[in-house]
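*Asks:* This is the content of query-v3.txt (compact mmCIF, C-alpha atoms and all ligand atoms):
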```
# COMPACT_ATOMS: atom_id res chain seq x y z
CA MET A 1 66.44 22.81 -23.78
CA PRO A 2 66.85 26.63 -23.95
CA GLU A 3 67.11 28.68 -20.74
CA GLU A 4 64.19 30.40 -18.98
CA LEU A 5 61.65 27.64 -19.18
CA ASP A 6 58.59 27.63 -16.98
CA ARG A 7 57.93 24.12 -15.65
CA ILE A 8 54.63 23.31 -13.98
CA ARG A 9 54.53 19.89 -12.36
CA VAL A 10 51.36 17.84 -12.67
CA GLY A 11 51.23 15.57 -9.63
CA SER A 12 54.33 13.45 -9.55
CA ALA A 13 53.84 12.47 -13.14
CA TYR A 14 55.01 15.02 -15.73
CA ASP A 15 55.84 18.65 -16.40
CA VAL A 16 54.12 21.21 -18.56
CA VAL A 17 57.08 23.06 -20.07
CA VAL A 18 56.42 26.59 -21.35
CA GLY A 19 58.98 28.58 -23.31
CA ARG A 20 59.81 30.31 -26.56
CA ASP A 21 61.33 28.56 -29.59
CA VAL A 22 61.31 25.22 -27.82
CA LEU A 23 59.66 23.00 -30.46
CA ALA A 24 62.98 21.52 -31.53
CA SER A 25 63.48 20.15 -28.02
CA ALA A 26 60.43 17.87 -28.35
CA GLY A 27 62.70 14.83 -28.61
CA SER A 28 63.77 15.21 -25.01
CA LEU A 29 60.19 14.49 -23.87
CA VAL A 30 59.93 11.20 -25.77
CA PRO A 31 61.08 8.21 -23.69
CA GLU A 32 64.37 6.84 -25.02
CA THR A 33 62.86 3.36 -25.05
CA ALA A 34 60.71 4.39 -28.04
CA GLN A 35 61.67 3.33 -31.54
CA ARG A 36 58.67 4.67 -33.49
CA VAL A 37 56.79 7.95 -33.07
CA LEU A 38 53.48 8.94 -34.70
CA VAL A 39 53.16 12.73 -35.09
CA VAL A 40 49.46 13.63 -35.30
CA HIS A 41 48.67 17.12 -36.60
CA SER A 42 46.01 19.01 -38.51
CA ALA A 43 46.45 18.92 -42.27
CA HIS A 44 45.90 22.71 -42.02
CA LEU A 45 48.79 23.23 -39.59
CA VAL A 46 51.95 21.65 -40.93
CA ASP A 47 54.90 23.88 -39.93
CA PRO A 48 55.12 23.17 -36.17
CA ALA A 49 54.59 19.46 -36.83
CA LEU A 50 57.48 19.46 -39.33
CA VAL A 51 59.79 21.09 -36.78
CA VAL A 52 58.79 18.47 -34.21
CA ALA A 53 59.10 15.61 -36.70
CA ASP A 54 62.58 16.76 -37.81
CA ALA A 55 63.70 17.09 -34.20
CA LEU A 56 62.47 13.57 -33.46
CA ARG A 57 64.31 12.20 -36.49
CA ASP A 58 67.46 13.97 -35.30
CA ASN A 59 67.00 12.16 -31.99
CA GLY A 60 67.04 8.86 -33.88
CA PHE A 61 63.33 8.00 -33.78
CA GLU A 62 61.49 6.45 -36.75
CA VAL A 63 58.91 9.16 -37.44
CA HIS A 64 55.49 8.58 -38.99
CA GLU A 65 53.35 11.60 -39.82
CA ALA A 66 49.57 11.59 -39.50
CA PRO A 67 47.78 14.63 -40.94
CA VAL A 68 44.14 14.68 -39.84
CA PRO A 69 41.10 16.85 -40.71
CA ASP A 70 41.09 20.28 -39.10
CA ALA A 71 39.35 21.30 -35.90
CA GLU A 72 36.37 19.28 -34.60
CA ALA A 73 36.34 17.11 -37.77
CA ALA A 74 39.42 15.39 -36.30
CA LYS A 75 37.53 14.09 -33.27
CA THR A 76 35.61 11.26 -34.93
CA GLY A 77 35.59 7.49 -34.77
CA ASP A 78 36.54 7.35 -38.46
CA VAL A 79 39.69 9.41 -37.91
CA ALA A 80 40.64 7.37 -34.84
CA THR A 81 40.13 4.16 -36.84
CA HIS A 82 42.36 5.52 -39.60
CA LEU A 83 45.12 6.26 -37.06
CA TRP A 84 44.79 2.81 -35.43
CA GLY A 85 45.32 1.38 -38.94
CA GLN A 86 48.43 3.49 -39.42
CA LEU A 87 49.83 2.36 -36.05
CA GLY A 88 49.08 -1.26 -36.86
CA ARG A 89 50.68 -1.20 -40.31
CA ALA A 90 53.80 0.51 -38.92
CA GLY A 91 54.06 -2.05 -36.10
CA PHE A 92 53.76 0.32 -33.13
CA THR A 93 54.49 -1.51 -29.87
CA ARG A 94 53.83 -0.54 -26.26
CA THR A 95 57.13 1.32 -25.99
CA ASP A 96 56.42 3.45 -29.08
CA VAL A 97 54.91 6.90 -28.74
CA VAL A 98 52.17 9.16 -30.11
CA VAL A 99 52.85 12.91 -30.29
CA GLY A 100 49.98 15.38 -30.76
CA VAL A 101 50.98 18.71 -32.32
CA GLY A 102 48.09 21.14 -32.58
CA GLY A 103 45.04 22.60 -30.94
CA GLY A 104 42.79 20.89 -28.44
CA THR A 105 41.08 18.85 -31.10
CA VAL A 106 44.39 17.27 -32.12
CA THR A 107 45.59 16.70 -28.56
CA ASP A 108 42.21 15.14 -27.62
CA LEU A 109 42.39 12.81 -30.65
CA ALA A 110 46.08 11.95 -30.27
CA GLY A 111 45.58 11.27 -26.58
CA PHE A 112 42.58 9.05 -27.27
CA VAL A 113 44.40 7.02 -29.92
CA ALA A 114 47.37 6.63 -27.56
CA ALA A 115 45.05 5.59 -24.72
CA THR A 116 43.41 2.90 -26.81
CA TRP A 117 46.24 1.53 -28.98
CA LEU A 118 47.41 -1.71 -27.32
CA ARG A 119 45.34 -0.45 -24.32
CA GLY A 120 47.72 2.43 -23.83
CA VAL A 121 50.98 3.77 -25.22
CA PRO A 122 52.75 6.97 -24.11
CA VAL A 123 51.59 10.30 -25.53
CA VAL A 124 53.52 13.59 -25.66
CA GLN A 125 51.43 16.71 -26.20
CA VAL A 126 52.71 19.75 -28.10
CA PRO A 127 49.80 22.21 -27.95
CA THR A 128 49.79 25.05 -30.48
CA THR A 129 46.71 27.03 -29.39
CA LEU A 130 46.26 29.02 -26.20
CA LEU A 131 43.33 26.78 -25.28
CA ALA A 132 45.33 23.59 -25.68
CA MET A 133 48.30 24.99 -23.73
CA VAL A 134 46.26 26.04 -20.71
CA ASP A 135 43.69 23.25 -20.74
CA ALA A 136 43.26 20.54 -23.38
CA ALA A 137 46.80 19.16 -23.49
CA VAL A 138 47.08 19.06 -19.71
CA GLY A 139 45.37 16.58 -17.43
CA GLY A 140 44.81 13.47 -19.51
CA LYS A 141 41.19 13.85 -20.59
CA THR A 142 41.16 12.49 -24.13
CA GLY A 143 38.25 11.82 -26.43
CA ILE A 144 36.23 12.03 -29.58
CA ASN A 145 32.67 13.09 -30.37
CA THR A 146 29.73 10.97 -31.50
CA PRO A 147 26.64 12.22 -33.35
CA GLU A 148 24.90 12.32 -29.95
CA GLY A 149 27.34 14.72 -28.34
CA LYS A 150 30.70 16.12 -27.40
CA ASN A 151 33.49 13.90 -26.01
CA LEU A 152 31.10 11.03 -25.40
CA VAL A 153 33.84 8.45 -26.05
CA GLY A 154 37.19 8.79 -24.36
CA ALA A 155 39.63 7.79 -21.69
CA PHE A 156 41.72 9.30 -18.93
CA HIS A 157 45.30 8.94 -20.16
CA SER A 158 47.94 11.30 -18.84
CA PRO A 159 50.66 12.52 -21.19
CA VAL A 160 54.31 11.79 -20.37
CA GLY A 161 55.13 15.41 -21.20
CA VAL A 162 53.62 18.65 -22.47
CA LEU A 163 55.65 21.20 -24.43
CA CYS A 164 54.18 24.67 -24.98
CA ASP A 165 56.02 26.94 -27.40
CA VAL A 166 54.33 30.33 -27.03
CA GLU A 167 56.11 31.49 -30.18
CA VAL A 168 53.70 29.41 -32.29
CA LEU A 169 50.80 31.49 -31.00
CA ALA A 170 51.95 34.28 -33.33
CA THR A 171 50.18 32.58 -36.24
CA LEU A 172 47.03 31.62 -34.33
CA PRO A 173 43.98 33.48 -35.71
CA ARG A 174 42.75 36.08 -33.23
CA ALA A 175 39.35 34.39 -32.89
CA ASP A 176 41.03 31.17 -31.78
CA TYR A 177 43.21 33.07 -29.31
CA VAL A 178 40.09 34.72 -27.92
CA GLY A 179 38.44 31.29 -27.67
CA GLY A 180 41.32 30.13 -25.50
CA MET A 181 40.78 33.08 -23.20
CA ALA A 182 37.46 31.52 -22.16
CA GLU A 183 39.33 28.64 -20.47
CA VAL A 184 41.86 31.09 -18.98
CA LEU A 185 39.00 33.15 -17.52
CA LYS A 186 37.28 29.94 -16.36
CA ALA A 187 40.37 29.22 -14.27
CA GLY A 188 40.05 32.75 -12.90
CA PHE A 189 36.41 32.36 -11.89
CA ILE A 190 36.77 28.92 -10.30
CA ALA A 191 40.13 29.28 -8.57
CA ASP A 192 42.43 32.22 -9.32
CA PRO A 193 40.83 35.70 -9.38
CA VAL A 194 44.20 37.33 -10.13
CA ILE A 195 43.60 36.09 -13.68
CA LEU A 196 40.43 38.20 -13.84
CA ASP A 197 42.29 41.24 -12.52
CA LEU A 198 45.12 40.85 -15.03
CA VAL A 199 42.69 40.59 -17.94
CA ALA A 200 40.48 43.44 -16.74
CA ALA A 201 43.55 45.69 -16.37
CA ASP A 202 44.30 45.46 -20.10
CA PRO A 203 41.94 43.26 -22.12
CA ASP A 204 43.56 44.10 -25.46
CA ALA A 205 46.99 43.04 -24.26
CA ALA A 206 45.48 39.90 -22.75
CA VAL A 207 44.49 38.66 -26.20
CA SER A 208 47.94 39.14 -27.67
CA PRO A 209 50.59 36.42 -27.54
CA ASP A 210 53.12 39.19 -26.86
CA GLY A 211 51.16 40.90 -24.09
CA PRO A 212 53.03 41.75 -20.88
CA ALA A 213 50.84 39.41 -18.84
CA THR A 214 50.65 36.56 -21.37
CA LEU A 215 53.18 34.25 -19.74
CA GLU A 216 51.70 34.89 -16.30
CA LEU A 217 48.18 34.17 -17.56
CA ILE A 218 49.33 30.90 -19.11
CA HIS A 219 51.24 29.97 -15.95
CA ARG A 220 48.29 30.71 -13.69
CA ALA A 221 45.74 28.86 -15.84
CA VAL A 222 47.98 25.80 -16.24
CA SER A 223 48.63 25.84 -12.50
CA VAL A 224 44.91 25.78 -11.71
CA LYS A 225 44.45 22.80 -14.00
CA ALA A 226 47.56 21.03 -12.71
CA THR A 227 46.47 21.42 -9.09
CA VAL A 228 42.98 20.09 -9.76
CA VAL A 229 43.96 17.09 -11.88
CA SER A 230 46.79 16.19 -9.51
CA GLU A 231 44.17 15.71 -6.82
CA ASP A 232 41.40 14.12 -8.90
CA LEU A 233 42.56 12.74 -12.25
CA ARG A 234 39.43 10.67 -12.89
CA GLU A 235 36.86 13.28 -11.95
CA ALA A 236 35.55 11.58 -8.84
CA GLY A 237 34.54 15.03 -7.57
CA LEU A 238 36.85 18.05 -7.50
CA ARG A 239 37.77 17.86 -11.19
CA GLU A 240 34.18 18.70 -12.13
CA ILE A 241 34.98 22.34 -11.37
CA LEU A 242 36.99 22.45 -14.63
CA ASN A 243 33.66 21.87 -16.36
CA TYR A 244 32.37 25.32 -15.37
CA GLY A 245 30.32 26.63 -18.30
CA HIS A 246 30.55 23.35 -20.19
CA THR A 247 27.10 21.86 -19.53
CA LEU A 248 25.31 24.36 -21.73
CA GLY A 249 28.51 25.08 -23.70
CA HIS A 250 28.86 21.57 -25.08
CA ALA A 251 25.14 21.46 -25.94
CA ILE A 252 25.47 24.72 -27.90
CA GLU A 253 28.57 23.49 -29.75
CA GLN A 254 26.75 20.38 -30.88
CA ALA A 255 23.53 22.24 -31.75
CA GLU A 256 25.59 24.64 -33.88
CA GLY A 257 27.24 21.75 -35.75
CA TYR A 258 30.61 22.77 -34.22
CA ARG A 259 30.61 26.00 -36.22
CA MET A 260 30.96 27.86 -32.92
CA ARG A 261 34.32 27.52 -31.17
CA HIS A 262 34.54 25.56 -27.93
CA GLY A 263 35.73 28.61 -25.98
CA GLU A 264 32.92 30.78 -27.33
CA ALA A 265 30.29 28.24 -26.28
CA VAL A 266 31.92 27.84 -22.86
CA ALA A 267 31.84 31.62 -22.38
CA ILE A 268 28.08 31.61 -22.95
CA GLY A 269 27.78 28.60 -20.68
CA MET A 270 29.58 30.42 -17.86
CA VAL A 271 27.17 33.35 -18.10
CA PHE A 272 24.28 30.88 -18.00
CA ALA A 273 25.76 29.17 -14.93
CA ALA A 274 26.20 32.57 -13.29
CA GLU A 275 22.55 33.41 -14.01
CA LEU A 276 21.51 30.11 -12.42
CA ALA A 277 23.67 30.79 -9.36
CA HIS A 278 22.35 34.35 -9.06
CA ARG A 279 18.76 33.13 -9.10
CA GLU A 280 19.62 30.64 -6.35
CA GLY A 281 21.05 33.47 -4.27
CA LEU A 282 24.56 32.00 -4.47
CA ILE A 283 26.27 34.98 -6.13
CA ASP A 284 25.60 38.69 -5.99
CA ASP A 285 24.83 41.18 -8.75
CA ALA A 286 28.47 42.25 -8.98
CA LEU A 287 29.85 38.76 -9.64
CA LEU A 288 27.14 38.11 -12.20
CA ALA A 289 27.98 41.38 -13.96
CA ARG A 290 31.70 40.57 -13.79
CA HIS A 291 31.12 37.46 -15.89
CA ARG A 292 29.61 39.50 -18.71
CA SER A 293 32.09 42.36 -18.49
CA VAL A 294 35.36 40.41 -18.45
CA LEU A 295 34.24 37.88 -21.08
CA ALA A 296 32.96 40.64 -23.38
CA SER A 297 36.12 42.71 -22.81
CA VAL A 298 38.21 40.14 -24.68
CA GLY A 299 35.61 39.64 -27.41
CA LEU A 300 33.86 36.50 -26.17
CA PRO A 301 30.10 36.09 -26.64
CA THR A 302 27.89 36.33 -23.56
CA SER A 303 24.43 35.79 -25.03
CA TYR A 304 22.61 33.10 -26.98
CA ALA A 305 19.08 32.23 -28.02
CA ALA A 306 19.43 30.48 -31.35
CA ARG A 307 17.97 27.14 -30.20
CA PRO A 308 14.98 26.25 -28.04
CA LEU A 309 16.01 25.41 -24.48
CA ASP A 310 14.24 22.05 -24.63
CA GLU A 311 16.45 20.94 -27.54
CA LEU A 312 19.57 21.88 -25.56
CA LEU A 313 18.23 20.10 -22.48
CA VAL A 314 18.16 16.80 -24.38
CA THR A 315 21.87 17.13 -25.11
CA MET A 316 22.61 18.35 -21.58
CA GLY A 317 21.03 15.12 -20.37
CA ARG A 318 24.06 13.34 -21.87
CA ASP A 319 26.55 15.56 -20.03
CA LYS A 320 28.97 13.45 -18.00
CA LYS A 321 27.97 15.20 -14.78
CA THR A 322 24.33 14.11 -15.19
CA ARG A 323 23.23 11.34 -12.82
CA GLY A 324 20.15 9.42 -13.93
CA SER A 325 17.78 12.14 -15.16
CA THR A 326 19.22 14.81 -12.87
CA LEU A 327 21.26 17.59 -14.46
CA ARG A 328 24.16 18.86 -12.36
CA PHE A 329 25.80 22.23 -13.00
CA VAL A 330 29.07 23.64 -11.73
CA VAL A 331 28.15 27.04 -10.28
CA LEU A 332 29.87 29.53 -8.00
CA GLU A 333 28.80 30.40 -4.48
CA GLY A 334 31.25 33.28 -4.53
CA LEU A 335 34.37 34.14 -6.48
CA ALA A 336 36.70 31.12 -6.66
CA ARG A 337 34.18 29.09 -4.65
CA PRO A 338 32.80 26.48 -7.05
CA THR A 339 30.02 24.15 -6.00
CA ARG A 340 27.32 22.06 -7.71
CA LEU A 341 23.72 22.95 -8.43
CA VAL A 342 21.83 19.65 -8.59
CA GLY A 343 18.55 19.30 -10.44
CA PRO A 344 17.47 22.90 -10.97
CA SER A 345 13.78 23.18 -11.90
CA HIS A 346 12.69 23.68 -15.49
CA GLY A 347 11.48 27.11 -14.41
CA ALA A 348 14.91 28.07 -13.09
CA LEU A 349 16.61 26.81 -16.24
CA ALA A 350 14.12 28.67 -18.45
CA ALA A 351 14.59 31.91 -16.51
CA ALA A 352 18.39 31.68 -16.73
CA TYR A 353 18.16 30.86 -20.43
CA ALA A 354 15.86 33.81 -21.06
CA ALA A 355 18.35 36.03 -19.22
CA ILE A 356 21.18 35.18 -21.63
CA ALA A 357 19.13 36.07 -24.73
CA PRO A 358 20.65 38.95 -26.73
N1 LIG B 401 40.88 17.38 -22.97
C1 LIG B 401 40.60 18.49 -22.32
O1 LIG B 401 40.79 18.60 -21.11
C2 LIG B 401 40.07 19.66 -23.10
C3 LIG B 401 40.04 20.92 -22.47
C4 LIG B 401 39.55 21.99 -23.20
C5 LIG B 401 39.13 21.81 -24.53
N2 LIG B 401 39.21 20.60 -25.09
C6 LIG B 401 38.84 20.40 -26.49
O2 LIG B 401 39.71 21.22 -27.28
C7 LIG B 401 39.05 21.52 -28.51
C8 LIG B 401 39.22 22.99 -28.85
O3 LIG B 401 40.60 23.24 -29.01
P1 LIG B 401 41.13 24.53 -29.79
O4 LIG B 401 40.39 25.73 -29.35
O5 LIG B 401 42.59 24.50 -29.68
O6 LIG B 401 40.63 24.28 -31.27
P2 LIG B 401 41.28 23.56 -32.54
O7 LIG B 401 42.10 22.40 -32.18
O8 LIG B 401 40.15 23.33 -33.48
O9 LIG B 401 42.24 24.69 -33.14
C9 LIG B 401 41.65 25.87 -33.61
C10 LIG B 401 42.17 26.24 -35.01
O10 LIG B 401 43.47 26.78 -34.88
C11 LIG B 401 44.35 26.17 -35.82
N3 LIG B 401 45.68 26.26 -35.22
C12 LIG B 401 46.14 25.58 -34.15
N4 LIG B 401 47.33 26.04 -33.79
C13 LIG B 401 47.64 27.03 -34.63
C14 LIG B 401 48.75 27.90 -34.75
N5 LIG B 401 49.74 27.89 -33.87
N6 LIG B 401 48.74 28.80 -35.77
C15 LIG B 401 47.71 28.85 -36.64
N7 LIG B 401 46.63 28.07 -36.58
C16 LIG B 401 46.59 27.17 -35.55
C17 LIG B 401 43.80 24.79 -35.99
O11 LIG B 401 44.27 24.20 -37.18
C18 LIG B 401 42.29 25.08 -35.97
O12 LIG B 401 41.85 25.48 -37.25
C19 LIG B 401 37.61 21.11 -28.34
O13 LIG B 401 37.38 19.93 -29.04
C20 LIG B 401 37.46 20.89 -26.85
O14 LIG B 401 36.48 19.93 -26.56
C21 LIG B 401 39.67 19.51 -24.40
O1 LIG B 402 39.79 18.79 -17.78
C1 LIG B 402 38.60 18.80 -17.45
O2 LIG B 402 38.16 18.04 -16.59
C2 LIG B 402 37.65 19.71 -18.10
O3 LIG B 402 36.45 19.61 -17.89
C3 LIG B 402 38.23 20.74 -19.00
C4 LIG B 402 37.28 21.25 -20.07
O4 LIG B 402 37.74 22.55 -20.42
C5 LIG B 402 37.32 20.42 -21.36
O5 LIG B 402 36.56 21.08 -22.34
C6 LIG B 402 36.93 18.96 -21.26
O6 LIG B 402 37.22 18.31 -22.47
C7 LIG B 402 35.49 18.75 -20.97
O7 LIG B 402 35.33 17.44 -20.61
P1 LIG B 402 33.98 16.63 -20.59
O8 LIG B 402 34.25 15.57 -19.58
O9 LIG B 402 32.86 17.55 -20.21
O10 LIG B 402 33.80 16.08 -21.96
ZN ZN B 403 36.74 23.22 -22.17
```
Could I get this structure in the form of structure tokens?
*Replies:*
Amino acid sequence: MPEELDRIRVGSAYDVVVGRDVLASAGSLVPETAQRVLVVHSAHLVDPALVVADALRDNGFEVHEAPVPDAEAAKTGDVATHLWGQLGRAGFTRTDVVVGVGGGTVTDLAGFVAATWLRGVPVVQVPTTLLAMVDAAVGGKTGINTPEGKNLVGAFHSPVGVLCDVEVLATLPRADYVGGMAEVLKAGFIADPVILDLVAADPDAAVSPDGPATLELIHRAVSVKATVVSEDLREAGLREILNYGHTLGHAIEQAEGYRMRHGEAVAIGMVFAAELAHREGLIDDALLARHRSVLASVGLPTSYAARPLDELLVTMGRDKKTRGSTLRFVVLEGLARPTRLVGPSHGALAAAYAAIAP
């Protein structure tokens, strides 16, 4: 491993390693007991996966490559079935390993396939988007979508290691980098306001992989996630705070046929949650305004009206925080003070939805 690595411990289980030009050290994260390794990556993003695959071969592993459809098209039952077939034909045993190299869609899929193959084999995550580095690859939530909604099938399955090479962010399209900032800012709103200050001080630099605060932003966002999942891996309670903005966000993503990025939809969802909290008297005008200003400053959307609320409410009914017929939202009762809003009235939901219209 090169010098100057940032290591963020997740519970007592594994490290998130952040550094530059570290892809070739991926082999050191794979348990030596493994013989075979399946490298899952988007068919649209080959280079980092090749570096990882070569490094694994150099470490003596038998490497199988698994290109999958790009973005949300990877998170389907058909793709998972295809990968299970590949694992079966290659004779993957419980000591063999799955490695996900890519954005959050790839790490969600790779993690899910690892969680389910032989009821669980180790997974190493090598995230290549900002969003996957600070959120998706960390914490062991894995899953795929169904026609009824986002991440409706999945498992909690912690990785044995996470390797973030910030150098790969140089090729990430700006819109995808901006999408990742939504999860970074989410961590700021729910737990670490310094993140909001750093972004507000220089929003342009914040959306550059070479910005002066980039490594600190990644460190802080990963640390928020690591702290939360260390305490509540299976989302018995606390972990729900990581779902800030996701109740409406996931419904919008699905309604838009996944043509809107996850981070963009979550940004809108956070403004909606802030509007709900404001109407309940939980947050003041300034904190509500801060949502719009900091999200917009990095180029994230803050308004939406393309679908009728009642259509989105049907999907929100399938959100994992829903209990029976009662919707539950993560809201703030102050900066970095997340709580739950249980069963808001249709009137309150309609007023908040009207308030986020362009
Ligand atoms: N499991 C979790 O805890 C968790 C947390 C947050 C989000 N997610 C999931 O993550 C997904 C979103 O992840 P995402 O924003 O990374 O999207 P993504 O995986 O679709 O990646 C975005 C695009 O960037 C491309 N790409 C990736 N790395 C690149 C690189 N280094 N250079 C050039 N192009 C690159 C991909 O091929 C893709 O086209 C959603 O499905 C969301 O539900 C999961
Ligand atoms: O890790 C978590 O917990 C999160 O909620 C993080 C979210 O950013 C992420 O999008 C997650 O996949 C959402 O999970 P879901 O349980 O609402 O499907
Ligand atoms: Zn998310």
*Asks:* Within 10 Å of (38.5, 43.4, -21.7), in the coordinates the file gives, what residues turn up when you count all atoms listed in the file, written out as a PyMOL selection string?
*Replies:* chain A and resi 196+198-207+293-300
*Asks:* If the limit is 10 Å from any atom of ligand LIG 402 (chain B), counting only C-alpha atoms and all ligand atoms, which residues qualify? Return them as a ChimeraX atom specification.
*Replies:* /A:104-105,108,131-132,134-145,149-156,180,182-184,186-187,225-226,228-229,232-235,238-247,249-250,262-263,266,318-321
*Asks:* Which residue out of A:Gly19, A:Gly27, A:Gly100, A:Pro301 has the minimum interatomic distance to ligand LIG 401 (chain B) when all atoms listed in the file are used?
*Replies:* A:Gly100
*Asks:* Work out how far CA of Val17 (chain A) is from CA of Leu56 (chain A), in Å to one decimal.
*Replies:* 17.3 Å
*Asks:* Pick the closest to ligand ZN 403 (chain B) from A:His219, A:Val314, A:Leu185, A:Gly281: which is it, counting only C-alpha atoms and all ligand atoms?
*Replies:*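 So, comparing all the options, the nearest one is A:Leu185.
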*Asks:* Please measure the separation of CA of Pro159 (chain A) and CA of Gly111 (chain A), giving the value in Å to one decimal.
*Replies:*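 One can read the CA of Pro159 (chain A) to CA of Gly111 (chain A) distance as 7.5 Å.
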*Asks:* Measuring atom to atom with all atoms listed in the file, identify which of A:Arg261, A:Leu332, A:Asp21, A:Leu313 is nearest to ligand ZN 403 (chain B).
*Replies:*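 Between A:Arg261, A:Leu332, A:Asp21, A:Leu313, the residue approaching ligand ZN 403 (chain B) most closely is A:Arg261.
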*Asks:* I'd like the contact shell of Leu172 (chain A) - 9 Å cut-off, only C-alpha atoms, skipping same-chain residues fewer than 3 positions apart - returned as a ChimeraX atom specification.
*Replies:* /A:128-130,168-169,175-177
*Asks:* Need the shell around Leu335 (chain A): protein/DNA/RNA residues with any atom at most 9 Å away, counting all atoms listed in the file. Skip same-chain ones fewer than 5 positions apart. Format as a list in words?
*Replies:*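 Result of the neighbour search: Gly188, Phe189, Ile190, Ala191, Asp192, Pro193, Ile283 and Leu287 of chain A.
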*Asks:* Skip Ala350 (chain A) itself and residues of its chain fewer than 6 positions away, then list as a VMD selection string all residues within 10 Å of it, counting only C-alpha atoms.
*Replies:* chain A and resid 276 308 to 310
*Asks:* List the neighbours of Thr33 (chain A) out to 10 Å using all atoms listed in the file; skip same-chain residues closer than 6 positions along the sequence, and give me the result as a list in words.
*Replies:*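 Within the cut-off, the hits are Phe61, Arg94, Thr95, Asp96 and Val97 of chain A.
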*Asks:* Give me, please, the distance in Å between CA of Gly88 (chain A) and CA of Gln125 (chain A), quoted to one decimal.
*Replies:*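 Pair CA of Gly88 (chain A) / CA of Gln125 (chain A) returns 21.0 Å.
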*Asks:* Could you pull out every residue with an atom within 12 Å of (50.2, 18.5, -41.0), file coordinates, counting all atoms listed in the file, and send them as a list in words?
*Replies:*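 Those within range, by chain then number, are Leu38, Val39, Val40, His41, Ser42, Ala43, His44, Leu45, Val46, Asp47, Pro48, Ala49, Leu50, Val51, Val52, Ala53, His64, Glu65, Ala66, Pro67, Val68, Pro69, Asp70, Gly100, Val101, Gly102 and Val106 of chain A.
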*Asks:* Give me the residues near Leu349 (chain A) as a ChimeraX atom specification, where near means some atom within 12 Å (using only C-alpha atoms) and where sequence neighbours in that chain fewer than 4 positions away do not count.
*Replies:* /A:248,272-280,308-310,312-313,316,327-329,341-345,353-356
*Asks:* Starting from the sparse input, extend region 320-331 of chain A to N, CA and C atoms and give the output as a compact mmCIF listing (two decimals), in the frame of the given file.
*Replies:*
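result35.txt was written with the following content:
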```txt
# COMPACT_ATOMS: atom_id res chain seq x y z
N LYS A 320 28.40 14.48 -18.89
CA LYS A 320 28.97 13.45 -18.00
C LYS A 320 28.71 13.73 -16.53
N LYS A 321 28.29 14.90 -16.19
CA LYS A 321 27.97 15.20 -14.78
C LYS A 321 26.53 14.80 -14.43
N THR A 322 25.72 14.51 -15.45
CA THR A 322 24.33 14.11 -15.19
C THR A 322 24.31 12.76 -14.46
N ARG A 323 23.42 12.63 -13.51
CA ARG A 323 23.23 11.34 -12.82
C ARG A 323 21.77 10.95 -12.96
N GLY A 324 21.53 9.80 -13.64
CA GLY A 324 20.15 9.42 -13.93
C GLY A 324 19.53 10.49 -14.83
N SER A 325 18.41 11.07 -14.37
CA SER A 325 17.78 12.14 -15.16
C SER A 325 18.07 13.51 -14.55
N THR A 326 18.99 13.56 -13.61
CA THR A 326 19.22 14.81 -12.87
C THR A 326 20.43 15.57 -13.42
N LEU A 327 20.16 16.74 -13.98
CA LEU A 327 21.26 17.59 -14.46
C LEU A 327 22.01 18.16 -13.27
N ARG A 328 23.33 18.25 -13.40
CA ARG A 328 24.16 18.86 -12.36
C ARG A 328 25.05 19.92 -13.01
N PHE A 329 25.02 21.12 -12.45
CA PHE A 329 25.80 22.23 -13.00
C PHE A 329 26.90 22.63 -12.03
N VAL A 330 28.07 22.95 -12.55
CA VAL A 330 29.07 23.64 -11.73
C VAL A 330 28.64 25.10 -11.67
N VAL A 331 28.49 25.62 -10.47
CA VAL A 331 28.15 27.04 -10.28
C VAL A 331 29.09 27.59 -9.20
```
